[in-house]
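Trainee: Quick one: the structure is below, and I'll ask about it shortly.
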Amino acid sequence: KEFYRRVSLNFIEKSVRGSWGQLSCAVSMACLTPWYLPTPLALNFEGDEDRAMRYEFAYDDKLVYGESGGGVYSVEIPARGHVPAALRVRYTGAAADLEISLTGVESGTEYGKCAISGSIGAGETLELFTAKRSGYIKSIAADGTETDLLDAGRVDISTEPFFRAPVHEASILKLTGAGTLTGKVSAQAYFYYRSV
């Protein structure tokens, strides 16, 4: 397995080539993260019940669909690593009032919830990354323009939006939205290890 670690280069010393033509240089680096193993997560879609009703309305401030109206993407994250795992979730496609949450399987504890108000268009992407030093919640337009949704005031901060998967129990990651979710979703867990 390949493990990764973010580092900052302190210095690299100049040297001369050895007898076989190799160049050996002394290097010093400062470690910025523990070792981590990025692991893709396979999210499943739980659709509507057969009796669910559908309406052909556009999303606006006055029209709100129920949370369970469009199904749920979910995945179980195993308890791994030595430090709680950061998560990266990407959703591309039209949606409104997306909510990403993490709940413990055995305890039922809600470790966090990222509730994002407003809608995104069919060609837009919403991305959540919960790493401690480099976390963000942003939307990416079709032309590549990025908008920080925290700065835009679209994220509910009454709950912890930058949650991490616990190491002591498995957890369920869920993505829900108002209305039908028809976009593409992907997720990764970054399992952290103190040593490998």
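Residue numbering restarts at 1 in every chain; chains get A, B, ... in the order shown in the structure tokens, and ligands count up from 1 in that same order.
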For Glu110 (chain A), please output as a PyMOL selection string all residues within 12 Å (counting only C-alpha atoms; exclusion window: fewer than 3 positions along the same chain).
Mentor: chain A and resi 100-107+113-114+159-161+163-166+171-174
Trainee: So that I can see what lies close to Ala96 (chain A), please list as a list of chain:residue names the residues with an atom at most 8 Å from it, counting only C-alpha atoms and leaving out residues fewer than 4 positions away in the same chain.
Mentor: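 Residues meeting the cut-off are A:Tyr59, A:Ser117, A:Gly118, A:Ser119, A:Ile120, A:Gly177, A:Ala178, A:Gly179.
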Trainee: If I take CA of Tyr193 (chain A) and CA of Glu76 (chain A), how far is one from the other in Å, to one decimal?
Mentor: 19.9 Å
Trainee: Output as number ranges by chain all residues of chain A that backbone DSSP marks as strand (DSSP E or B).
Mentor: A: 4, 7-12, 17, 23, 27-31, 35-41, 44-46, 60, 63, 72-77, 83-92, 95-104, 110-116, 119-120, 125-129, 136-140, 146-148, 155, 165, 171-178, 184-193
Trainee: When you count only C-alpha atoms, which of these residues is closest to Arg90 (chain A): A:Thr109, A:Asn10, A:Gln188, A:Ser15?
Mentor: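 Counting only C-alpha atoms, the residue closest to Arg90 (chain A) is A:Gln188.
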Trainee: Residues within 6 Å of Ala86 (chain A), please, as a list in words. Count only C-alpha atoms; anything in the same chain fewer than 4 positions from it doesn't count.
Mentor: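 Within the cut-off, the hits are Thr130, Ala131, Arg164, Ala189 and Tyr190 of chain A.
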Trainee: Write out the residues from the selection above, keeping N, CA and C atoms, as a JSON list (two decimals), in the first residue's frame.
Mentor:
```json
[["chain", "number", "residue", "atom", "x", "y", "z"],
["A", 130, "THR", "N", -12.92, 17.73, 4.89],
["A", 130, "THR", "CA", -12.93, 17.99, 6.33],
["A", 130, "THR", "C", -11.57, 17.85, 7.01],
["A", 131, "ALA", "N", -10.47, 17.97, 6.26],
["A", 131, "ALA", "CA", -9.15, 17.91, 6.87],
["A", 131, "ALA", "C", -8.95, 19.10, 7.82],
["A", 164, "ARG", "N", -15.16, 14.46, 11.22],
["A", 164, "ARG", "CA", -14.24, 13.39, 10.82],
["A", 164, "ARG", "C", -14.74, 12.06, 11.36],
["A", 189, "ALA", "N", -12.33, 8.60, 2.13],
["A", 189, "ALA", "CA", -11.94, 8.74, 3.53],
["A", 189, "ALA", "C", -10.42, 8.76, 3.59],
["A", 190, "TYR", "N", -9.87, 9.64, 4.40],
["A", 190, "TYR", "CA", -8.42, 9.74, 4.59],
["A", 190, "TYR", "C", -8.11, 9.18, 5.97]]
```
